[in-house]
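J.: I'd like to ask you about the structure that follows.
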Amino acid sequence: MKKHAGNVMADLLVGYGVEAVFGLPGGQTLPLYYGIMDNAPKIKHILMRDENNAVFAADAYARVARKLGVCDGTAGCGPIKFLSGFAEAMNSSSPVLGIAAEMAYDELSSRYRGGGAQLIDAQAILKPVTKWTARLPKANSVAELTQFAARMAISGRPGPVYIECPWDLFDDEYAGPDYEADPHLAQIPSYRSLPPQEDMEKALEVLKSAKNPVILAGGGAWFSDAKEELTTLAEALAIPVGTSLSGKGIVDENHPLSIGVASGLGGGDYAKQMVMNADVIFAAGYKFSEMSTYKWTLPKAGQRIIHVDIDSAELGKLSAVEIGMNGDVKATVGRMLELLGDVQPKEIPEAILQGKKKAMEERAAEIENKTPIMPQQVVSLLNEICDENTILACDASFSCGWAAKYFDVYGGRRALMPRGMSGLGYGLPAGIGAAVARPKDKVVVLTGDGGLSYCLGELQTLNEQNMDVKVIVLNNKTLGWIKWYQAGIWDGRFSEVDTLENDFAMIARGSGIEGYRLENPKTLAEELKKIIAADGPALVDIITSETEACKFTDDPKAVSYVEKDHQNK
């Protein structure tokens, strides 16, 4: 059978282990769609309702599967909607390949101010939020171009790349050289690098001599698949482990050495105390961002920093590090364990055990059965109900904070959080991507009424794909984060943060999936358990308190403003 360029591209994606492409069709992208059809059932296409949601789905797929995530869009208007999703993937180091069509090659000179239909310089628009962009120059170059794009997305610090294909070239018959997918591009990382051994030896000496060391792990540790190595190192030296939001659960959070998320959003007081009092911080795949450093108050003066990262630009980015190791986290920590020798797990100091026990007791004491339902109660119940193979996909709102504090990640659990760009609307499409990556596992989306409003159309995707995804909506009729900000910074001068109440359960039923509306805190556990245990997609609209979100701040004045506003409604 003769092949066109779209066939070749789909063939290579299959070779990279890609199981699905997320996007929306256009007349110009049909060569890719037919290439996917010709490769079924090894790969399929998932019809999304918005191109930005397609990027979010591909991003989540990449995080969970540790493979290349792929999305597509039609010419012009499609790829420029990749922008926000690419920015998330860029900042979160997610390997995403965005594919879009272009108008015919000889029409490109007509694109100034819409001289041709769907003509715009998408490459220029997307360049700041991608590692690399390119245009297919001829049909016979498609194999080389696709291979290079995949390598750019996965190599080094992963990130998004973009290629556009003029439709006439995309549809041309391929008569180029024989091609074969590079098997190294079917895994992340494609190659594992190591820093000099003397640096690893120095790092071990510093850790062994430390009085209060702490390991801080980020999303890079997940992409490196360093769970076993970091856990073993922590046990060998009895070092507590905290994480960023993106690194949550890289060491099981039910492990006695886990102090959970150390962050200004969703982090506990115990974790913050441990990190602030540390004399040595070993940072692994961790970028010292705003949230994970409590607004850049870390590292503190006098703290000794050891940092291992695949991206050398991260080493000493904010302040000088004592030992900077440019390498893959799994390979580096694994080699450090070899250098450490046959060491039995060190006894965990009683102070660490008691500190964690007290933190867990304080967390449990914060949960109350009251009306309106507390979001803390919802997430705490999800923590009890969900099994070890559940993926919790959070929106960029306070949903991340509630999940960070009240949902423990261990075993096969994962928590996906869009902390790269923090754009609303990530949760539901991320749940779709996660469901494709792990189709046998339960996926739960945690979102708010504001975040879900960005991506309501994807409820139809759940229905069409019959995905076992449960969408939990914390519905408080307000944009909680902004209201908290207005209360804390603007003395309760509220503007454009309160909304009319949407019946999301009815909207879900209108999209063809089960919809439930829950308001009673006393029956919440029983109802949630039954809904989550059932097969198939469903949405659970939970009427929650608007006054709880403001408690993420320790400013009693802000809390008072929000509570007073609520009482006056």
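Residue numbering restarts at 1 for every chain of the structure tokens, chains are lettered A, B, ... in their displayed order, and ligands are numbered from 1 as they appear.
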Just asking: which residues within segment 221-436 of chain A are strand (DSSP E) according to DSSP, as number ranges by chain?
T.: A: 241-243, 258-261, 280-284, 304-309, 323-326, 390-394, 414-416
J.: For segment 439-451 of chain A, list every protein, DNA or RNA residue within 8 Å, evaluated using only C-alpha atoms, and leave out those in the same chain fewer than 4 positions away; present the list as a ChimeraX atom specification.
T.: /A:389-397,399,424-428,431,434-435,455,467-479,502
J.: Find the distance between atom CA of Asp168 of chain A and atom CA of Ile80 of chain A and write it in Å to one decimal.
T.: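 Answer for the atom CA of Asp168 of chain A to atom CA of Ile80 of chain A separation: 20.6 Å.
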J.: Pull the alpha helix (DSSP H) assignments for segment 272-339 of chain A out of DSSP run on the backbone, and list those residues as a list in words.
T.: Lys272, Gln273, Met274, Val275, Met276, Val329, Lys330, Ala331, Thr332, Val333, Gly334, Arg335, Met336, Leu337, Glu338 and Leu339 of chain A
J.: Extract, using only C-alpha atoms, all DNA, RNA and protein residues at most 7 Å from segment 256-262 of chain A, discarding same-chain residues fewer than 3 positions from it, and format them as a list in words.
T.: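 Once the adjacent positions are removed, what remains is Ile239, Pro240, Val241, Gly242, Thr243, Ser244, Leu245, Lys248, Val251, Asp252, Glu253, Gly266, Gly267, Gly268, Ala271, Lys272, Ser292, Leu353, Lys356 and Ala404 of chain A.
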J.: Would you put the residues from that selection into a file with C-alpha atoms, as a CSV table (one decimal), in the first residue's frame?
T.:
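Now in part-v9.csv:
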chain,number,residue,atom,x,y,z
A,239,ILE,CA,16.4,11.2,56.1
A,240,PRO,CA,12.8,12.7,56.0
A,241,VAL,CA,11.4,13.3,52.5
A,242,GLY,CA,9.3,16.3,51.5
A,243,THR,CA,8.1,17.1,48.0
A,244,SER,CA,6.9,19.8,45.8
A,245,LEU,CA,3.3,19.5,44.6
A,248,LYS,CA,4.0,14.4,45.7
A,251,VAL,CA,8.2,8.4,48.4
A,252,ASP,CA,5.0,6.8,49.7
A,253,GLU,CA,3.3,9.3,51.9
A,266,GLY,CA,-1.3,22.5,50.8
A,267,GLY,CA,1.8,21.9,52.8
A,268,GLY,CA,1.6,21.2,56.5
A,271,ALA,CA,6.8,19.8,56.7
A,272,LYS,CA,7.6,23.5,56.7
A,292,SER,CA,8.0,24.9,46.9
A,353,LEU,CA,8.0,9.5,64.2
A,356,LYS,CA,4.5,12.9,61.8
A,404,ALA,CA,-1.9,18.1,48.6
